[in-house]
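I have placed the structure first, in the form of structure tokens, so that the comments after it can refer back to it.
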Amino acid sequence: MRRRELLVGAGALSLVASRGTPARAAAPEIVVGVLYAMSGPSAQVGVDARHAIETAVDLVNNDHDLDLPGAKGSGLAGMSGAKIRLVFADHQADPQKGRAEAERLITQDKVAALVGCYQSAVSATVSATAERYGVPFVCADSSSPSLHRKGLKYFFRPAAHDEMFSTAMFDFLDSLRKQGQKIDSVALFFEDTIYGVDSSTVQRKLAAERGYKLVADVKYKSNSPSLTAEVQQLKSANADVLLPTSYTTDAILLTKTMAELGYKPKSIIAQAAGFSEKVTYDAVGDKLQGVISRGSFSLDLAAKRPMVATVNGMYKARSGRDLNDNSSRQFMAMIVLADALDRAGATDGQKIRAALAATDIPGTRTVMPWTKVAFGPDGQNVHADPVLLQWIGDRFVTIFPESAAAATAKWPMNA
């Protein structure tokens, strides 16, 4: 049998001819590059991201009776039923490795778009590389506010950034004050990357504006072998609220070190990341009862929107765990990109970019508590309403805002 292959855009349309049999065209493949740390301390996040994004692609490539963009029908209708094929790259949480992997995906794998990257420092280099090649980059879960302020035309972030998340935290503190809670001081604890520094800048500003005394401002080296000195500073300050910004390894080490030094913060409101990961609670969950984390997602929403439970079930079948703050954003990033690919009707970067810029998805057609997905001129979705979640027993429950709350907050956590 003779075989010929014809490349179409970023995907391949295979024509197979045999003696006495007419040529038959297969649906083209649209190749999307996905960049996460698949090895090293953040490997579990990368594994979860893969499962989340594969779940989204399953919904698009196959027919599902769900009111999510692209779920009904097989493949991308606007591209003659084209199926999405994912190509994964391991950036190892290294910004320069991320840049190199993004360039390889673009130049060698001919991807139509990129999705990633969890670490904001990696998303910074990947977004710059994508911009240089005119390839859209959908920032799934990196939350540094500086990422959408670089004047990039091919950068799109469906989820909230840390200014939005931190504003929700201080709105929550203000609401507790109005209820009579005595909350006067906060302490910052943040890693020395773009993620930690940007987060602390926002929280420092909000504390000053809202009238909270900053009694500790502690920056530490990410993946540090010891946090003893830093925790001693926090213990001495004894703030009413500890605001940590840490990835998983550091979140676990911080929690263990606090226990070793006998430091029990009155309350903790975390910038998600390590404080939203199952591995953290598997390791030290008994020491984190009552901790609050900002978030984009909560399974509580399933009570109002049954498809959330369906999607979670599909994801859990792959991963063995529930969707969380990170994996839900990764799932939605792929859904948003697939919707844009469908409307673009082509793999040309400019057409996909234009389709992303024109995105208008009602919140009810997502698995998130968002008003909708619609991007501003800077590529940021300002309608991605955050929630606050509290770890009670063996799960997170939504406690803020009141419109989304499933329970009343336990305050202070160590009361």
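By convention here, the chains of the structure tokens are called A, B, ... in the order presented, each chain's residues are numbered starting at 1, and ligands are numbered starting at 1 in the order presented.
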
Do you have, as a tab-separated table, the list of residues of segment 151-239 of chain A lying at most 9 Å from segment 286-295 of chain A, each with its nearest atom pair and that distance in Å to one decimal, counting only C-alpha atoms and ordered by chain then number?
```
residue	atom	partner	partner_atom	distance
A:Phe165	CA	A:Arg294	CA	6.3
A:Ser166	CA	A:Arg294	CA	8.0
A:Ala168	CA	A:Arg294	CA	7.9
A:Met169	CA	A:Arg294	CA	7.2
```

Filtered DSSP result for segment 35-204 of chain A, state strand (DSSP E or B), as a compact mmCIF listing (two decimals) with all heavy atoms, in the first residue's frame:
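Here's the written file states-v2.txt:
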```txt
# COMPACT_ATOMS: atom_id res chain seq x y z
N LEU A 35 3.13 23.33 28.48
CA LEU A 35 4.39 23.43 29.21
C LEU A 35 4.16 23.42 30.72
O LEU A 35 3.52 24.34 31.26
CB LEU A 35 5.14 24.71 28.83
CG LEU A 35 5.56 24.81 27.37
CD1 LEU A 35 4.67 25.84 26.65
CD2 LEU A 35 7.01 25.22 27.25
N TYR A 36 4.69 22.39 31.38
CA TYR A 36 4.63 22.30 32.83
C TYR A 36 5.88 21.59 33.34
O TYR A 36 6.57 20.91 32.58
CB TYR A 36 3.37 21.55 33.30
CG TYR A 36 2.16 22.41 33.29
CD1 TYR A 36 1.32 22.44 32.18
CD2 TYR A 36 1.87 23.26 34.36
CE1 TYR A 36 0.21 23.28 32.14
CE2 TYR A 36 0.77 24.10 34.33
CZ TYR A 36 -0.05 24.12 33.23
OH TYR A 36 -1.12 24.96 33.19
N LEU A 76 -13.62 19.99 16.38
CA LEU A 76 -13.88 21.42 16.20
C LEU A 76 -14.73 21.62 14.95
O LEU A 76 -14.24 21.47 13.83
CB LEU A 76 -12.56 22.18 16.09
CG LEU A 76 -11.62 22.06 17.29
CD1 LEU A 76 -10.25 22.64 16.96
CD2 LEU A 76 -12.21 22.74 18.52
N ALA A 82 -11.86 18.88 13.10
CA ALA A 82 -10.46 18.66 13.50
C ALA A 82 -10.37 18.30 14.97
O ALA A 82 -11.11 18.81 15.80
CB ALA A 82 -9.64 19.92 13.23
N LYS A 83 -9.45 17.41 15.29
CA LYS A 83 -9.21 17.00 16.67
C LYS A 83 -7.95 17.70 17.20
O LYS A 83 -7.01 17.97 16.43
CB LYS A 83 -9.02 15.48 16.76
CG LYS A 83 -10.20 14.67 16.25
CD LYS A 83 -11.44 14.84 17.11
CE LYS A 83 -12.61 14.01 16.60
NZ LYS A 83 -12.47 12.59 16.90
N ILE A 84 -7.94 17.97 18.48
CA ILE A 84 -6.78 18.59 19.12
C ILE A 84 -5.81 17.49 19.56
O ILE A 84 -6.23 16.50 20.16
CB ILE A 84 -7.20 19.43 20.33
CG1 ILE A 84 -8.04 20.64 19.87
CG2 ILE A 84 -5.98 19.92 21.11
CD1 ILE A 84 -8.66 21.43 21.00
N ARG A 85 -4.55 17.67 19.23
CA ARG A 85 -3.50 16.77 19.73
C ARG A 85 -2.54 17.57 20.61
O ARG A 85 -2.08 18.65 20.22
CB ARG A 85 -2.73 16.13 18.58
CG ARG A 85 -1.58 15.23 19.06
CD ARG A 85 -1.04 14.36 17.94
NE ARG A 85 -0.41 15.13 16.90
CZ ARG A 85 0.89 15.49 16.91
NH1 ARG A 85 1.66 15.19 17.95
NH2 ARG A 85 1.40 16.16 15.91
N LEU A 86 -2.28 17.06 21.80
CA LEU A 86 -1.43 17.76 22.76
C LEU A 86 0.01 17.26 22.67
O LEU A 86 0.25 16.06 22.53
CB LEU A 86 -1.95 17.54 24.19
CG LEU A 86 -3.38 17.99 24.47
CD1 LEU A 86 -3.81 17.53 25.87
CD2 LEU A 86 -3.51 19.51 24.35
N VAL A 87 0.94 18.20 22.77
CA VAL A 87 2.36 17.87 22.88
C VAL A 87 2.86 18.50 24.18
O VAL A 87 2.76 19.72 24.35
CB VAL A 87 3.18 18.39 21.69
CG1 VAL A 87 4.66 18.01 21.86
CG2 VAL A 87 2.64 17.83 20.38
N PHE A 88 3.35 17.69 25.10
CA PHE A 88 3.76 18.17 26.42
C PHE A 88 5.28 18.40 26.46
O PHE A 88 6.05 17.66 25.85
CB PHE A 88 3.37 17.17 27.51
CG PHE A 88 1.89 17.08 27.72
CD1 PHE A 88 1.11 16.24 26.94
CD2 PHE A 88 1.27 17.84 28.69
CE1 PHE A 88 -0.27 16.16 27.13
CE2 PHE A 88 -0.10 17.78 28.89
CZ PHE A 88 -0.87 16.93 28.10
N ALA A 89 5.67 19.42 27.21
CA ALA A 89 7.08 19.71 27.41
C ALA A 89 7.33 19.96 28.90
O ALA A 89 6.53 20.61 29.57
CB ALA A 89 7.49 20.95 26.60
N ASP A 90 8.46 19.46 29.39
CA ASP A 90 8.85 19.60 30.79
C ASP A 90 9.79 20.79 30.94
O ASP A 90 10.95 20.73 30.53
CB ASP A 90 9.54 18.31 31.23
CG ASP A 90 10.00 18.35 32.69
OD1 ASP A 90 9.66 19.31 33.40
OD2 ASP A 90 10.70 17.40 33.11
N ALA A 113 -0.79 26.87 19.26
CA ALA A 113 -0.88 27.70 20.46
C ALA A 113 -0.18 26.99 21.60
O ALA A 113 0.11 25.79 21.52
CB ALA A 113 -2.35 27.97 20.82
N LEU A 114 0.08 27.73 22.67
CA LEU A 114 0.73 27.19 23.86
C LEU A 114 -0.17 27.41 25.08
O LEU A 114 -0.89 28.41 25.16
CB LEU A 114 2.06 27.89 24.11
CG LEU A 114 3.17 27.71 23.06
CD1 LEU A 114 4.33 28.64 23.35
CD2 LEU A 114 3.64 26.27 23.02
N VAL A 115 -0.08 26.48 26.04
CA VAL A 115 -0.79 26.59 27.32
C VAL A 115 0.21 26.28 28.43
O VAL A 115 1.03 25.37 28.31
CB VAL A 115 -1.97 25.61 27.40
CG1 VAL A 115 -2.68 25.73 28.75
CG2 VAL A 115 -2.96 25.85 26.27
N GLY A 116 0.15 27.00 29.54
CA GLY A 116 1.02 26.74 30.70
C GLY A 116 0.86 27.86 31.71
O GLY A 116 -0.08 28.65 31.60
N PHE A 137 -0.48 32.43 23.50
CA PHE A 137 -0.15 31.75 24.74
C PHE A 137 -1.30 31.96 25.71
O PHE A 137 -1.62 33.11 26.07
CB PHE A 137 1.15 32.29 25.34
CG PHE A 137 1.42 31.82 26.75
CD1 PHE A 137 1.51 30.46 27.04
CD2 PHE A 137 1.58 32.72 27.79
CE1 PHE A 137 1.76 30.02 28.34
CE2 PHE A 137 1.84 32.30 29.09
CZ PHE A 137 1.92 30.94 29.36
N VAL A 138 -1.94 30.88 26.14
CA VAL A 138 -3.01 30.96 27.13
C VAL A 138 -2.40 30.62 28.49
O VAL A 138 -2.01 29.48 28.74
CB VAL A 138 -4.18 30.01 26.80
CG1 VAL A 138 -5.26 30.12 27.87
CG2 VAL A 138 -4.76 30.35 25.43
N CYS A 139 -2.31 31.63 29.34
CA CYS A 139 -1.72 31.49 30.67
C CYS A 139 -2.78 30.91 31.60
O CYS A 139 -3.71 31.60 32.00
CB CYS A 139 -1.24 32.85 31.16
SG CYS A 139 -0.43 32.82 32.77
N PHE A 155 -0.84 37.22 24.52
CA PHE A 155 -1.00 36.72 25.89
C PHE A 155 -2.46 36.80 26.31
O PHE A 155 -3.09 37.86 26.20
CB PHE A 155 -0.13 37.55 26.85
CG PHE A 155 -0.30 37.18 28.30
CD1 PHE A 155 0.53 36.25 28.90
CD2 PHE A 155 -1.30 37.77 29.07
CE1 PHE A 155 0.37 35.90 30.24
CE2 PHE A 155 -1.47 37.44 30.41
CZ PHE A 155 -0.62 36.50 30.99
N PHE A 156 -3.00 35.68 26.85
CA PHE A 156 -4.38 35.66 27.33
C PHE A 156 -4.44 34.85 28.63
O PHE A 156 -3.92 33.74 28.70
CB PHE A 156 -5.32 35.04 26.29
CG PHE A 156 -5.43 35.85 25.03
CD1 PHE A 156 -4.54 35.63 23.98
CD2 PHE A 156 -6.37 36.86 24.92
CE1 PHE A 156 -4.61 36.40 22.82
CE2 PHE A 156 -6.45 37.64 23.77
CZ PHE A 156 -5.56 37.41 22.71
N ARG A 157 -5.09 35.44 29.66
CA ARG A 157 -5.23 34.75 30.95
C ARG A 157 -6.71 34.74 31.35
O ARG A 157 -7.26 35.77 31.75
CB ARG A 157 -4.38 35.43 32.03
CG ARG A 157 -4.55 34.80 33.40
CD ARG A 157 -3.45 35.19 34.37
NE ARG A 157 -3.17 36.61 34.43
CZ ARG A 157 -2.10 37.15 35.01
NH1 ARG A 157 -1.21 36.36 35.59
NH2 ARG A 157 -1.91 38.45 35.02
N SER A 185 -3.37 43.47 62.49
CA SER A 185 -2.04 43.32 61.89
C SER A 185 -1.94 42.12 60.95
O SER A 185 -2.65 41.13 61.10
CB SER A 185 -0.99 43.18 62.99
OG SER A 185 -1.25 42.03 63.79
N VAL A 186 -1.02 42.24 59.99
CA VAL A 186 -0.76 41.15 59.05
C VAL A 186 0.75 40.93 58.93
O VAL A 186 1.54 41.84 59.20
CB VAL A 186 -1.35 41.42 57.65
CG1 VAL A 186 -2.87 41.55 57.72
CG2 VAL A 186 -0.73 42.67 57.03
N ALA A 187 1.13 39.71 58.55
CA ALA A 187 2.53 39.38 58.29
C ALA A 187 2.64 38.78 56.90
O ALA A 187 1.82 37.92 56.53
CB ALA A 187 3.05 38.40 59.33
N LEU A 188 3.62 39.21 56.12
CA LEU A 188 3.85 38.67 54.79
C LEU A 188 4.99 37.66 54.84
O LEU A 188 6.01 37.88 55.50
CB LEU A 188 4.21 39.78 53.80
CG LEU A 188 3.22 40.94 53.64
CD1 LEU A 188 3.67 41.86 52.52
CD2 LEU A 188 1.82 40.43 53.38
N PHE A 189 4.81 36.57 54.12
CA PHE A 189 5.84 35.55 53.98
C PHE A 189 5.81 35.11 52.53
O PHE A 189 4.82 34.56 52.06
CB PHE A 189 5.55 34.36 54.91
CG PHE A 189 6.53 33.23 54.79
CD1 PHE A 189 7.75 33.27 55.44
CD2 PHE A 189 6.22 32.11 54.01
CE1 PHE A 189 8.65 32.22 55.32
CE2 PHE A 189 7.12 31.06 53.89
CZ PHE A 189 8.34 31.12 54.55
N PHE A 190 6.88 35.38 51.77
CA PHE A 190 6.82 35.18 50.33
C PHE A 190 8.17 34.77 49.76
O PHE A 190 9.22 35.18 50.25
CB PHE A 190 6.33 36.45 49.64
CG PHE A 190 7.17 37.68 49.91
CD1 PHE A 190 8.14 38.09 49.00
CD2 PHE A 190 7.01 38.41 51.08
CE1 PHE A 190 8.92 39.21 49.24
CE2 PHE A 190 7.78 39.54 51.33
CZ PHE A 190 8.74 39.94 50.41
N GLU A 191 8.12 33.96 48.71
CA GLU A 191 9.35 33.50 48.07
C GLU A 191 9.93 34.59 47.17
O GLU A 191 9.25 35.54 46.79
CB GLU A 191 9.10 32.23 47.28
CG GLU A 191 8.12 32.37 46.13
CD GLU A 191 8.29 31.25 45.14
OE1 GLU A 191 8.21 30.10 45.55
OE2 GLU A 191 8.51 31.54 43.95
```

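The environment of Asp109 of chain A within 9 Å, counting only C-alpha atoms and disregarding residues fewer than 3 places along the same chain, consists of Ala10, Val31, Val32, Gly33, Val87, Arg104, Leu105 and Ile106 of chain A.
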
**Message:** Show me, as a ChimeraX atom specification, the residues that have an atom within 12 Å of Gly151 of chain A when counting only C-alpha atoms, minus same-chain residues fewer than 6 positions from it.
**Reply:** /A:127-128,131,376-380

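Proximity of A:Ser39, A:Ser200, A:Thr193, A:Thr257 to Ser222 of chain A, computed with only C-alpha atoms, is greatest for A:Thr193.
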
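Proximity ranking of A:Ala273, A:Thr228, A:Val197, A:Gln233 relative to Gln119 of chain A places A:Ala273 first, based on only C-alpha atoms.
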
**Asked** Using only C-alpha atoms, which residue out of A:Gly211, A:Gly75, A:Gly393, A:Gly349 lies closest to Ile183 of chain A?
**Response** A:Gly211

Can you tell me which residues surround segment 300-308 of chain A at a distance of at most 7 Å, considering only C-alpha atoms, apart from same-chain residues fewer than 2 positions away, and format the answer as an mmCIF file with C-alpha atoms, in the first residue's frame?
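Contents of around_37.cif, as written:
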```cif
data_model
loop_
_atom_site.group_PDB
_atom_site.id
_atom_site.type_symbol
_atom_site.label_atom_id
_atom_site.label_comp_id
_atom_site.auth_asym_id
_atom_site.auth_seq_id
_atom_site.Cartn_x
_atom_site.Cartn_y
_atom_site.Cartn_z
ATOM 1 C CA LEU A 66 -22.536 19.135 28.640
ATOM 2 C CA SER A 298 -14.806 25.006 44.554
ATOM 3 C CA THR A 310 -19.580 15.490 35.906
ATOM 4 C CA VAL A 311 -16.354 17.181 34.848
ATOM 5 C CA ASN A 312 -14.808 16.471 38.244
ATOM 6 C CA VAL A 367 -16.925 25.131 35.881
ATOM 7 C CA VAL A 397 -15.439 24.686 51.732
ATOM 8 C CA THR A 398 -16.282 28.052 50.193
ATOM 9 C CA ALA A 406 -21.360 27.168 51.482
#
```

**Request:** With a distance cut-off of 12 Å and only C-alpha atoms, select the neighbouring residues of segment 57-64 of chain A, excluding the residue or stretch itself and same-chain residues fewer than 6 positions from it, and output the selection as a ChimeraX atom specification.
**Result:** /A:27-32,50-51,70-77,79-86,307,310-311,314-315,318,330-339,341-342

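Checking A:Leu206, A:Arg329, A:His148, A:Asp240 one by one against Gln181 of chain A, counting only C-alpha atoms, you find the shortest gap at A:Asp240.
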
**Request:** Give me the residues within 6 Å of Gly363 of chain A as a ChimeraX atom specification, counting only C-alpha atoms and dropping any in the same chain fewer than 5 places off.
**Result:** /A:370-372

Next, the residues of the selection above should be written as a short mmCIF file (atom, residue, chain, number, x, y, z; two decimals), in the first residue's frame with C-alpha atoms.
```
data_model
loop_
_atom_site.label_atom_id
_atom_site.label_comp_id
_atom_site.auth_asym_id
_atom_site.auth_seq_id
_atom_site.Cartn_x
_atom_site.Cartn_y
_atom_site.Cartn_z
CA TRP A 370 -16.82 33.54 37.24
CA THR A 371 -19.20 36.09 35.74
CA LYS A 372 -17.84 35.29 32.28
#
```

**Gap from atom CA of Val373 of chain A to atom CA of Ala93 of chain A - Å, one decimal** = 27.7 Å

**Request:** Would you mind writing down, as a ChimeraX atom specification, each residue of segment 181-272 of chain A that DSSP on the backbone assigns to alpha helix (DSSP H)?
**Result:** /A:194-210,228-237,248-260

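Among A:Ile352, A:Ala159, A:Val218, A:Leu299, the residue with the shortest atom-to-atom distance to Arg395 of chain A, counting only C-alpha atoms, is A:Leu299.
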